[in-house]
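**Student:** Take a look at this one; I'll ask things after.
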Amino acid sequence: MYQMKKDRLTELFQAISGTKDLFLPLRKCDQTNYGLWTPEEVFDLETLKTVKSAKDCFFPQSEVLYRCKTEDGKISIDPQKLCDRPFVVFGMRACDVKAVEVLDRVFLSEPVDTFYAARREHGTIVSLACHEPEETCFCRNFGVDAAASGADVETWIIGDSLYWKPLTEKGEALTESLQAVLEAADGEASACEAEETVAREQEAIRGVIEKLPFSHLDLSRFQPENTMELFDSPLWEELYKPCLACGTCTFVCPTCQCYDIRDFDSGKNGVQRYRCWDSCMYSDFTMMAHGNLRTSQMQRFRQRFMHKLVYYPANNDGLYSCVGCGRCVSKCPASLNIVKVIKKLGGEA
Amino acid sequence: MQELITRAKELLADGTVSRVLGWKKGDLGWDPEPAWFEKEEDLEGFVYNPFCGANLSKYLIAAGKLEGRTLVFLKPCDTYSFNQLVKEHRVKKEKTYIIGVGCRGTLDPEKVRAAGMKGIEDAAVDGETLKVATLYGEKEMPLKDALLDRCLVCKGKTHVAYDELIGAQAGEEAGPGELAGDRFAGVERLEALPPKERFAFWQGQLSKCIRCNACRNACPACSCLKCVFDSSQFDSSQKANADTFEEQMFHIIRAYHVAGRCTDCGECSRVCPQGIPLHLLNRKFIRDINTFYGEYQAGADTESRAPLTDFTLEDVEPGIVSKRGGGR
Amino acid sequence: MCECSCGGKTKTDTLIPMVGVITDIRTETPDVKTFRVVGRGGKKLFEHMPGQCAMVSVPGVGEAMFSITSSPTNTEYQEFSIKRCGTLTDYLHGMTVGEELTVRGPYGNAFPVETALKGQNLLFIAGGIGLAPLRSVINYVLDKRENYGTVDILYGSRSMDDLVQLKEIQEVWMKTPGVNVYLTIDREQEGWDGHVGFVPSYLKELEFATDKTVLVCGPPIMIKFVLAALGEMGFEKTQVYTTLELRMKCGVGKCGRCNIGSKYVCKDGPVFRCDEIDELPPEY
């Protein structure tokens with residue numbers, strides 16, 4: 001366990017960004033989102049939930065896969081260089097850390113997505129514990145511990161200090177490179193004191209989490225063997241009604257991983273084939289030349305939640321593709337969200 | 001609120017309407033959800049409170065395709081959108097039964113959060129104060145600071161379309177309500193900026209866009225069956241911010257498409273997950289229309305011809321663009 | 001194996017295609033052409049198994065999944081029979097021999113030609129362009145004739161002019177011992193003295209014995225009625241294989257759009273045994 005005064009955070013960030021790219025929650029135009037930190041940027045560690053999750057750091061909303069040029073009828077393909085520069089994402093909450101595990105199962109399974117794998121290889125995650133969890137949080141249901149994320153490095157901001165605890169080899173290596181800023185506990189007594197302070201904070205966080213309105217959802221019906229029963233439920237018709245068919249839930253979600261592959265014709269510079277986040281809420285998601293198999297918003301709405309709560313777990317040892325970050329709860333323009341779906345289909349409401 | 005439920009039940013029971021479009025209580029104090037009620041007993045979940053910001057007008061396009069009449073609860077400003085939809089033949093008046101509900105401003109949960117309130121469990125209006133119950137204790141803030149931006153320039157308490165009113169009075173003068181601030185102050189501030197700074201402002205704001213299309217899908221004026229941005233034959237159909245130019249195109253084109261039809265209901269800014277003040281683009285158009293063609297409020301009625309779809313000899317000449325310096 | 005300009009330095013992502021050259025184009029029907037494709041060096045692009053697919057693309061126009069219609073026993077090239085029905089296929093139909101496109105794959109599973117189908121009597125049922133994936137299996141089976149029992153092929157199309165691979169059917173398949181070919185078209189037509197009627201009803205007329213394993217591909221509506229007919233005839237769902245098509249982008253089960261329940265058509269399919277499909281939500 002290491003610690004440092006909170007007012008030295010900029011120093012810490014400067015030390016990290018000296019050798020690596022540093023992604024931090026940045027305050028820009030009244031909103032907080034992850035972005036590449038430079039000393040001119042304003043970081044914001046107070047906001048519990050960034051609008052978009054840290055997903056962008058590993059799976060950016062839009063990325064070029066390769067460039068194509070056709071000259072004299074010959075096509076040349078120039079693949080995008082993979083990420084080869086180490087980077088650190090600081091400030092990720094435990095739910096977002098868990099979401100990376102959900103993404104890993106998709107992108108690191110065979111055949112490995114090399115773009116994602118390269119970013120995972122070069123990225124080190126430093127999490128920040130949720131000092132004051134909010135009413136929209138329901139991470140507890142998905143085995144997330146807001147007080148201990150299990151990231152490469154776990155940190156807590158308590159009072160005027162930052163506590164820093166490396167957990168993995170990557171975390172240790174990062175810690176090693178920051179010895180000038182981080183203060184190792186001076187003697188056993190002080191080490192003990194730091195541990196106790198963090199333990200008290202963890203207990204407080206877990207205490208709040210226990211009392212949150214959505215902390216005790218009943219997920220027992222969301223099992224692969226109930227696929228057909230859930231799929232055929234008449235409740236979808238009722239649930240989806242206010243849905244505006246926008247992609248807000250999808251794009252603020254830390255685990256949504258569907259993507260589209262498209263071409264951007266940049267004229268004489270050739271064609272950029274890029275991929276970008278897609279939303280199963282969009283009408284063209286399953287559109288083919290000869291028709292569309294999901295023609296109603298109800299079907300599209302059902303797909304999103306069936307995927308998160310039934311299909312994904314069926315393929316991934318029961319792991320749900322929701323981490324309870326609550327972004328959809330606070331951002332849906334029609335106040336729909338996965339909690340309402342879980343309650344309704346799970347038999348609670 | 002009980003009065004609204006009772007009346008809705010009566011209208012369902014006597015067959016005047018086949019369904020009710022209103023709001024349903026959410027799980028938290030601040031997240032009522034637009035809801036359809038078909039049975040009297042379902043109305044027990046009905047709610048109407050200052051967090052019912054959603055403008056229900058657009059749902060009437062879908063409701064119009066269903067059998068029978070739909071009872072809808074509209075706040076004064078929502079009725080402008082309704083009228084505009086009627087004018088554009090998207091919604092039929094005879095398929096709708098409007099109960100105009102009184103409104104003293106609707107609230108923005110994001111603003112409550114921005115005021116530093118974490119863990120909002122419930123909130124209640126007490127005079128000019130918003131009392132908020134949070135996980136971390138009782139808190140309060142001035143009501144005005146929690147109002148949606150659109151309410152700060154309220155169009156007034158008058159419903160421009162209704163079948164009956166509950167909690168509101170007929171004949172209240174149309175026009176600014178007591179909250180009304182200067183509607184165009186934001187636009188004027190931007191106009192006064194040097195072009196470079198104005199560009200930087202929009203670039204900063206629009207680069208937050210995640211292309212979720214919430215603004216478009218919530219917008220009562222965006223009622224095209226198939227949006228031009230949903231066409232795969234069009235380079236601007238990108239879902240993502242391939243580059244910022246595309247983002248600007250999306251929002252600017254959208255503003256052009258709704259120009260003269262936008263009632264300034266503010267749904268675009270209300271639903272934007274990134275808090276982009278999109279209404280400022282629309283208001284710029286409204287202000288210009290007012291300047292060039294005389295005061296015009298889209299949705300004030302269902303018959304008048306809109307300035308941009310009408311021709312008069314007094315119309316401004318295209319040359320105005322360069323006269324104002326836009327042609328440089 | 002990487003033919004792109006990276007020079008094979010990096011491990012190539014499965015999303016990065018190879019350059020293919022069109023070496024032959026056959027006009028099969030008014031709206032179907034068969035494209036023969038090889039790598040730039042003149043060699044086959046990759047090895048595949050019958051039923052697998054590949055992503056064919058023209059940069060700037062689009063990319064889509066097509067079944068590989070040639071048999072793996074062909075050592076020289078791959079073929080794609082492509083129906084003109086959208087932006088990309090329109091463009092492909094305008095291409096000429098010698099032009100380049102990009103190909104990545106192969107993707108998906110294959111018909112179990114080396115396991116479950118081995119030693120079996122086989123009944124192929126195809127409609128229209130649905131012959132494309134089955135042709136790969138048929139030619140594979142004919143090339144390894146000794147490994148399989150009897151072969152019956154029932155193929156139908158809207159009209160005489162819409163039967164794809166007619167030349168091969170008449171000159172090769174019909175002349176192979178132990179292979180019976182039954183052709184049908186939807187409506188009477190001058191110059192056609194064969195069977196007239198829809199595939200499912202012809203199937204019932206033919207009264208096949210149920211000692212066969214059936215492979216079906218065609219338009220969704222045909223598949224639906226064929227499966228019903230097979231049921232009536234006493235075939236078990238475990239005896240029937242089909243191949244499905246949904247919107248695909250990545251080809252490797254990650255982009256999330258071709259799922260039927262928890263299965264991805266691009267990765268877990270496109271070939272499914274019909275009893276497996278029964279367990280999935282009806283979204284195909």
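Here's how to read the names in the structure tokens: chain A, B, ... by the order shown, residue numbers from 1 in each chain, ligand numbers from 1 in the order shown.
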Got a sec to tell me which of range 32-94 of chain B DSSP assigns to strand (DSSP E), as a list in words?
**Tutor:** Glu33, Pro34, Ala35, Trp36, Phe37, Thr70, Leu71, Val72, Phe73 and Leu74 of chain B
**Student:** Any idea what's packed within 10 Å of Ala194 in chain A, counting only C-alpha atoms, ignoring anything in its chain fewer than 6 positions away? Could you give it as a list in words?
**Tutor:**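 In the requested form, the answer reads Met1, Tyr2, Gln3, Tyr163, Trp164, Ala185, Glu188 and Arg200 of chain A.
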**Student:** Write out the residues from the selection above, keeping N, CA and C atoms, as a compact mmCIF listing (two decimals), in the first residue's frame.
**Tutor:**
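Output file part12.txt is given in full below:
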```txt
# COMPACT_ATOMS: atom_id res chain seq x y z
N MET A 1 0.84 -1.22 0.00
CA MET A 1 0.00 0.00 0.00
C MET A 1 0.87 1.26 0.00
N TYR A 2 0.54 2.17 -0.89
CA TYR A 2 1.26 3.44 -0.96
C TYR A 2 0.25 4.55 -0.74
N GLN A 3 0.74 5.69 -0.42
CA GLN A 3 -0.18 6.81 -0.34
C GLN A 3 0.47 8.11 -0.74
N TYR A 163 -4.83 6.56 -1.68
CA TYR A 163 -4.20 5.29 -1.30
C TYR A 163 -4.07 4.44 -2.54
N TRP A 164 -2.97 3.78 -2.69
CA TRP A 164 -2.59 3.13 -3.96
C TRP A 164 -2.14 1.71 -3.68
N ALA A 185 4.69 3.22 2.75
CA ALA A 185 4.46 3.39 4.18
C ALA A 185 5.80 3.35 4.92
N GLU A 188 6.12 -0.18 9.97
CA GLU A 188 4.98 -1.07 10.10
C GLU A 188 3.73 -0.37 10.62
N ARG A 200 -11.65 0.78 6.52
CA ARG A 200 -12.82 1.53 7.01
C ARG A 200 -13.62 2.11 5.85
```
**Student:** Do you know which residues are at most 10 Å from Ile61 in chain B counting only C-alpha atoms, after dropping those on the same chain fewer than 3 positions away, and could you put them as a PDB file with N, CA and C atoms, in the first residue's frame?
**Tutor:**
```pdb
ATOM      1  N   SER B  57     -46.133  14.371 -27.224  1.00  0.00           N
ATOM      2  CA  SER B  57     -46.754  14.603 -28.536  1.00  0.00           C
ATOM      3  C   SER B  57     -46.312  13.606 -29.590  1.00  0.00           C
ATOM      4  N   LYS B  58     -45.011  13.312 -29.605  1.00  0.00           N
ATOM      5  CA  LYS B  58     -44.516  12.491 -30.705  1.00  0.00           C
ATOM      6  C   LYS B  58     -45.095  11.075 -30.678  1.00  0.00           C
ATOM      7  N   GLY B  64     -51.877   7.240 -33.411  1.00  0.00           N
ATOM      8  CA  GLY B  64     -52.832   7.496 -34.476  1.00  0.00           C
ATOM      9  C   GLY B  64     -53.102   6.282 -35.351  1.00  0.00           C
ATOM     10  N   LYS B  65     -52.177   5.337 -35.312  1.00  0.00           N
ATOM     11  CA  LYS B  65     -52.352   4.144 -36.152  1.00  0.00           C
ATOM     12  C   LYS B  65     -53.188   3.087 -35.431  1.00  0.00           C
ATOM     13  N   LEU B  66     -53.504   3.334 -34.170  1.00  0.00           N
ATOM     14  CA  LEU B  66     -54.266   2.355 -33.394  1.00  0.00           C
ATOM     15  C   LEU B  66     -55.757   2.679 -33.463  1.00  0.00           C
ATOM     16  N   PHE B  82     -47.955  19.395 -30.593  1.00  0.00           N
ATOM     17  CA  PHE B  82     -49.145  18.699 -31.077  1.00  0.00           C
ATOM     18  C   PHE B  82     -49.719  19.424 -32.292  1.00  0.00           C
ATOM     19  N   LEU B  85     -47.697  18.950 -35.370  1.00  0.00           N
ATOM     20  CA  LEU B  85     -47.880  17.612 -35.943  1.00  0.00           C
ATOM     21  C   LEU B  85     -49.222  17.512 -36.683  1.00  0.00           C
ATOM     22  N   VAL B  86     -50.216  18.180 -36.155  1.00  0.00           N
ATOM     23  CA  VAL B  86     -51.520  18.200 -36.833  1.00  0.00           C
ATOM     24  C   VAL B  86     -51.374  18.930 -38.160  1.00  0.00           C
ATOM     25  N   HIS B  89     -49.954  16.953 -40.801  1.00  0.00           N
ATOM     26  CA  HIS B  89     -50.724  15.730 -41.081  1.00  0.00           C
ATOM     27  C   HIS B  89     -50.082  14.470 -40.541  1.00  0.00           C
ATOM     28  N   ARG B  90     -49.345  14.602 -39.484  1.00  0.00           N
ATOM     29  CA  ARG B  90     -48.746  13.435 -38.850  1.00  0.00           C
ATOM     30  C   ARG B  90     -49.679  12.868 -37.785  1.00  0.00           C
ATOM     31  N   VAL B  91     -50.494  13.740 -37.244  1.00  0.00           N
ATOM     32  CA  VAL B  91     -51.391  13.353 -36.160  1.00  0.00           C
ATOM     33  C   VAL B  91     -52.773  13.903 -36.493  1.00  0.00           C
ATOM     34  N   LYS B  92     -53.796  13.096 -36.180  1.00  0.00           N
ATOM     35  CA  LYS B  92     -55.155  13.581 -36.430  1.00  0.00           C
ATOM     36  C   LYS B  92     -55.772  14.016 -35.118  1.00  0.00           C
ATOM     37  N   PRO B 220     -40.237  16.062 -31.931  1.00  0.00           N
ATOM     38  CA  PRO B 220     -41.541  15.928 -32.584  1.00  0.00           C
ATOM     39  C   PRO B 220     -41.518  16.414 -34.037  1.00  0.00           C
ATOM     40  N   SER B 223     -40.185  13.742 -37.931  1.00  0.00           N
ATOM     41  CA  SER B 223     -41.179  12.689 -38.046  1.00  0.00           C
ATOM     42  C   SER B 223     -41.097  11.978 -39.388  1.00  0.00           C
TER      43      SER B 223
END
```
**Student:** Pro219 in chain C: which residues within 7 Å, counting only C-alpha atoms, same-chain residues fewer than 4 positions away excluded, as number ranges by chain?
**Tutor:** C: 127, 130, 223
**Student:** Leaving out Ala124 in chain B and any residue of its chain fewer than 2 positions from it, which residues lie within 10 Å of it when counting only C-alpha atoms, given as a list in words?
**Tutor:**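 My list of contacting residues is Gly29, Trp30, Asn49, Pro50, Phe51, Asp122, Asp126, Gly127, Thr129, Leu130, Lys131, Val132, Ala133, Glu140 and Leu143 of chain B.
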**Student:** Taking 4 positions as the minimum chain separation for residues in the same chain, which residues sit within 10 Å of Asp104 in chain A when counting only C-alpha atoms? Answer as a list in words.
**Tutor:**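 Near Asp104 in chain A, the qualifying residues are Phe58, Lys98, Ala99, Val100, Leu108, Ser109, Val112, Asp113, Tyr116, Ala117, Arg120 and Thr255 of chain A.
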**Student:** Using DSSP assignments from the backbone, pull out every residue in range 56-280 of chain A that falls under helix (DSSP H, G or I) and give it to me as a PyMOL selection string.
**Tutor:** chain A and resi 56-58+94-107+114-122+139-142+169-176+187-211+224-231+235-240+248-252+267-269
**Student:** Dump C-alpha atoms for the selected residues as a PDB file, in the first residue's frame?
**Tutor:**
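Final output, out-v2.pdb:
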```
ATOM      1  CA  ASP A  56     -13.339   3.796 -25.556  1.00  0.00           C
ATOM      2  CA  CYS A  57      -9.814   3.276 -24.211  1.00  0.00           C
ATOM      3  CA  PHE A  58      -9.837  -0.358 -25.360  1.00  0.00           C
ATOM      4  CA  ALA A  94     -15.159  -1.230 -10.313  1.00  0.00           C
ATOM      5  CA  CYS A  95     -18.146  -1.696 -12.637  1.00  0.00           C
ATOM      6  CA  ASP A  96     -16.171  -0.443 -15.614  1.00  0.00           C
ATOM      7  CA  VAL A  97     -13.286  -2.706 -14.650  1.00  0.00           C
ATOM      8  CA  LYS A  98     -15.634  -5.667 -14.593  1.00  0.00           C
ATOM      9  CA  ALA A  99     -16.962  -4.565 -17.982  1.00  0.00           C
ATOM     10  CA  VAL A 100     -13.497  -5.062 -19.442  1.00  0.00           C
ATOM     11  CA  GLU A 101     -13.768  -8.723 -18.444  1.00  0.00           C
ATOM     12  CA  VAL A 102     -17.047  -8.878 -20.368  1.00  0.00           C
ATOM     13  CA  LEU A 103     -15.386  -7.343 -23.434  1.00  0.00           C
ATOM     14  CA  ASP A 104     -12.359  -9.639 -23.057  1.00  0.00           C
ATOM     15  CA  ARG A 105     -14.571 -12.693 -23.396  1.00  0.00           C
ATOM     16  CA  VAL A 106     -15.706 -11.434 -26.771  1.00  0.00           C
ATOM     17  CA  PHE A 107     -12.608  -9.886 -28.252  1.00  0.00           C
ATOM     18  CA  THR A 114      -5.764  -7.997 -32.543  1.00  0.00           C
ATOM     19  CA  PHE A 115      -6.742  -4.320 -32.322  1.00  0.00           C
ATOM     20  CA  TYR A 116      -8.378  -4.870 -28.961  1.00  0.00           C
ATOM     21  CA  ALA A 117      -5.714  -7.332 -27.778  1.00  0.00           C
ATOM     22  CA  ALA A 118      -2.942  -4.842 -28.476  1.00  0.00           C
ATOM     23  CA  ARG A 119      -4.686  -2.205 -26.396  1.00  0.00           C
ATOM     24  CA  ARG A 120      -5.308  -4.631 -23.555  1.00  0.00           C
ATOM     25  CA  GLU A 121      -1.667  -5.660 -23.648  1.00  0.00           C
ATOM     26  CA  HIS A 122      -0.413  -2.106 -23.486  1.00  0.00           C
ATOM     27  CA  CYS A 139     -23.251  -3.390  -9.427  1.00  0.00           C
ATOM     28  CA  ARG A 140     -23.666  -5.570  -6.367  1.00  0.00           C
ATOM     29  CA  ASN A 141     -26.004  -7.841  -8.324  1.00  0.00           C
ATOM     30  CA  PHE A 142     -23.221  -8.711 -10.736  1.00  0.00           C
ATOM     31  CA  GLU A 169       2.522  -7.437 -12.374  1.00  0.00           C
ATOM     32  CA  LYS A 170       1.498  -4.539 -14.585  1.00  0.00           C
ATOM     33  CA  GLY A 171       0.364  -2.676 -11.506  1.00  0.00           C
ATOM     34  CA  GLU A 172       3.656  -3.352  -9.739  1.00  0.00           C
ATOM     35  CA  ALA A 173       5.616  -2.166 -12.762  1.00  0.00           C
ATOM     36  CA  LEU A 174       3.628   1.055 -12.916  1.00  0.00           C
ATOM     37  CA  THR A 175       4.088   1.569  -9.184  1.00  0.00           C
ATOM     38  CA  GLU A 176       7.809   1.008  -9.545  1.00  0.00           C
ATOM     39  CA  GLY A 187       7.431   1.542   8.969  1.00  0.00           C
ATOM     40  CA  GLU A 188       4.978  -1.070  10.095  1.00  0.00           C
ATOM     41  CA  ALA A 189       2.811   1.204  12.186  1.00  0.00           C
ATOM     42  CA  SER A 190       2.052   3.552   9.337  1.00  0.00           C
ATOM     43  CA  ALA A 191       1.473   0.661   6.918  1.00  0.00           C
ATOM     44  CA  CYS A 192      -1.015  -0.711   9.378  1.00  0.00           C
ATOM     45  CA  GLU A 193      -2.715   2.653   9.660  1.00  0.00           C
ATOM     46  CA  ALA A 194      -3.096   2.980   5.895  1.00  0.00           C
ATOM     47  CA  GLU A 195      -4.549  -0.515   5.660  1.00  0.00           C
ATOM     48  CA  GLU A 196      -7.002   0.329   8.409  1.00  0.00           C
ATOM     49  CA  THR A 197      -8.049   3.584   6.788  1.00  0.00           C
ATOM     50  CA  VAL A 198      -8.742   1.819   3.515  1.00  0.00           C
ATOM     51  CA  ALA A 199     -10.563  -1.007   5.285  1.00  0.00           C
ATOM     52  CA  ARG A 200     -12.822   1.528   7.011  1.00  0.00           C
ATOM     53  CA  GLU A 201     -13.541   3.232   3.684  1.00  0.00           C
ATOM     54  CA  GLN A 202     -14.310  -0.106   2.079  1.00  0.00           C
ATOM     55  CA  GLU A 203     -16.678  -0.976   4.856  1.00  0.00           C
ATOM     56  CA  ALA A 204     -18.440   2.370   4.465  1.00  0.00           C
ATOM     57  CA  ILE A 205     -18.774   1.915   0.692  1.00  0.00           C
ATOM     58  CA  ARG A 206     -20.104  -1.618   1.060  1.00  0.00           C
ATOM     59  CA  GLY A 207     -22.526  -0.368   3.697  1.00  0.00           C
ATOM     60  CA  VAL A 208     -23.984   2.165   1.275  1.00  0.00           C
ATOM     61  CA  ILE A 209     -24.082  -0.369  -1.551  1.00  0.00           C
ATOM     62  CA  GLU A 210     -26.123  -2.759   0.587  1.00  0.00           C
ATOM     63  CA  LYS A 211     -28.748  -0.077   1.089  1.00  0.00           C
ATOM     64  CA  PRO A 224     -30.093 -19.966 -20.595  1.00  0.00           C
ATOM     65  CA  GLU A 225     -32.618 -22.757 -20.022  1.00  0.00           C
ATOM     66  CA  ASN A 226     -35.366 -20.126 -19.774  1.00  0.00           C
ATOM     67  CA  THR A 227     -34.472 -18.630 -23.162  1.00  0.00           C
ATOM     68  CA  MET A 228     -37.702 -19.498 -24.919  1.00  0.00           C
ATOM     69  CA  GLU A 229     -39.963 -18.613 -22.034  1.00  0.00           C
ATOM     70  CA  LEU A 230     -38.305 -15.204 -21.653  1.00  0.00           C
ATOM     71  CA  PHE A 231     -38.191 -14.622 -25.401  1.00  0.00           C
ATOM     72  CA  LEU A 235     -44.165  -8.405 -21.148  1.00  0.00           C
ATOM     73  CA  TRP A 236     -41.795  -7.173 -23.860  1.00  0.00           C
ATOM     74  CA  GLU A 237     -44.727  -5.543 -25.641  1.00  0.00           C
ATOM     75  CA  GLU A 238     -45.461  -3.607 -22.508  1.00  0.00           C
ATOM     76  CA  LEU A 239     -41.860  -2.807 -21.629  1.00  0.00           C
ATOM     77  CA  TYR A 240     -40.607  -1.470 -24.920  1.00  0.00           C
ATOM     78  CA  THR A 248     -28.160   6.128 -25.875  1.00  0.00           C
ATOM     79  CA  CYS A 249     -28.291   3.011 -23.698  1.00  0.00           C
ATOM     80  CA  THR A 250     -25.986   1.177 -26.082  1.00  0.00           C
ATOM     81  CA  PHE A 251     -23.423   3.901 -26.372  1.00  0.00           C
ATOM     82  CA  VAL A 252     -23.153   4.748 -22.690  1.00  0.00           C
ATOM     83  CA  GLY A 267     -11.215  10.605 -52.210  1.00  0.00           C
ATOM     84  CA  LYS A 268      -7.762  10.334 -53.692  1.00  0.00           C
ATOM     85  CA  ASN A 269      -6.399   9.013 -50.432  1.00  0.00           C
TER      86      ASN A 269
END
```
**Student:** Here is a test: counting only C-alpha atoms, which residue of C:Gly94, C:Gly105, C:Gly42, C:Gly86 is nearest to chain B?
**Tutor:** C:Gly86
**Student:** Please report as a tab-separated table every residue of chain B lying within 9 Å of chain A, along with the nearest atom pair and their distance in Å (one decimal), using only C-alpha atoms.
**Tutor:**
```
residue	atom	partner	partner_atom	distance
B:Gly26	CA	A:Ser335	CA	7.7
B:Asp27	CA	A:Lys340	CA	8.1
B:Leu28	CA	A:Glu135	CA	8.1
B:Asp31	CA	A:Ser335	CA	5.7
B:Pro32	CA	A:Ser335	CA	6.6
B:Glu33	CA	A:Ser335	CA	5.1
B:Pro34	CA	A:Pro242	CA	5.6
B:Ala35	CA	A:Pro242	CA	6.3
B:Trp36	CA	A:Lys241	CA	7.5
B:Ala54	CA	A:Ala334	CA	7.4
B:Tyr59	CA	A:Pro242	CA	8.1
B:Pro109	CA	A:Ser330	CA	8.4
B:Glu110	CA	A:Ser330	CA	8.4
B:Lys118	CA	A:Glu134	CA	5.9
B:Gly119	CA	A:Glu134	CA	4.1
B:Ile120	CA	A:Glu135	CA	6.2
B:Glu121	CA	A:Glu135	CA	6.6
B:Thr134	CA	A:Glu135	CA	8.3
B:Leu135	CA	A:Glu135	CA	7.3
B:Tyr136	CA	A:Glu132	CA	8.5
B:Phe201	CA	A:Cys29	CA	8.7
B:Gly204	CA	A:Cys29	CA	6.5
B:Gln205	CA	A:Cys29	CA	6.2
B:Lys208	CA	A:Cys29	CA	8.2
B:Ile210	CA	A:Phe251	CA	7.1
B:Arg211	CA	A:Gly247	CA	7.7
B:Cys212	CA	A:Gly247	CA	4.3
B:Asn213	CA	A:Cys246	CA	5.3
B:Ala214	CA	A:Cys246	CA	4.9
B:Cys215	CA	A:Cys246	CA	8.4
B:Arg216	CA	A:Cys246	CA	8.3
B:Asn217	CA	A:Leu244	CA	5.8
B:Ala218	CA	A:Leu244	CA	6.5
B:Asp230	CA	A:Asp284	CA	7.5
B:Ser231	CA	A:Asp284	CA	8.8
B:Ser232	CA	A:Asp284	CA	8.8
B:Asp235	CA	A:Phe264	CA	7.4
B:Gln238	CA	A:Arg262	CA	7.9
B:Lys239	CA	A:Cys276	CA	7.0
B:Ala240	CA	A:Cys276	CA	5.8
B:Asn241	CA	A:Ser62	CA	6.7
B:Ala242	CA	A:Ser62	CA	6.2
B:Arg270	CA	A:Pro333	CA	7.8
B:Val271	CA	A:Pro333	CA	4.9
B:Cys272	CA	A:Pro333	CA	7.8
B:Pro273	CA	A:Lys331	CA	5.8
B:Gln274	CA	A:Gln31	CA	6.5
B:Gly275	CA	A:Gln31	CA	7.1
B:Ile276	CA	A:Cys29	CA	8.3
```
**Student:** Using only C-alpha atoms, find which residues of chain C lie within 12 Å of chain B and jot them down as a PDB file with C-alpha atoms, in the first residue's frame.
**Tutor:**
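The resulting result.pdb:
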```pdb
ATOM      1  CA  GLY C  60     -15.721   1.865 -50.991  1.00  0.00           C
ATOM      2  CA  VAL C  61     -18.724  -0.159 -52.090  1.00  0.00           C
ATOM      3  CA  GLY C  62     -19.306  -2.671 -49.344  1.00  0.00           C
ATOM      4  CA  GLY C  86     -28.158  -4.881 -53.424  1.00  0.00           C
ATOM      5  CA  THR C  87     -25.447  -2.247 -53.655  1.00  0.00           C
ATOM      6  CA  LEU C  88     -22.447  -4.545 -53.485  1.00  0.00           C
TER       7      LEU C  88
END
```
**Student:** Hey, what's within 10 Å of Glu164 in chain B if we count only C-alpha atoms and toss same-chain stuff fewer than 6 positions away? As a PyMOL selection string, please?
**Tutor:** chain B and resi 97-101+170
**Student:** For CA of Glu279 in chain C and CA of Gly51 in chain C, determine how far apart the two atoms are, in Å to one decimal place.
**Tutor:** 21.4 Å
**Student:** Pull out every residue of chain C sitting within 9 Å of chain A, counting only C-alpha atoms, and send them as a ChimeraX atom specification.
**Tutor:** /C:3-6,10-19,59-63,85-87,98-102,246-250,252-258,261-263,279-281,283-284
**Student:** Interatomic distance between CA of Cys268 in chain B and CA of Phe305 in chain A?
**Tutor:**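 Spanning CA of Cys268 in chain B to CA of Phe305 in chain A is a straight-line distance of 25.6 Å.
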**Student:** Taking only C-alpha atoms into account, name the residue in B:Lys75, B:Lys9, B:His251, B:Lys155 that is nearest to Gly102 in chain B.
**Tutor:** B:Lys75
**Student:** Find the distance between CA of Ser220 in chain A and CA of Gly143 in chain A and write it in Å to one decimal.
**Tutor:**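 Spanning CA of Ser220 in chain A to CA of Gly143 in chain A is a straight-line distance of 14.0 Å.
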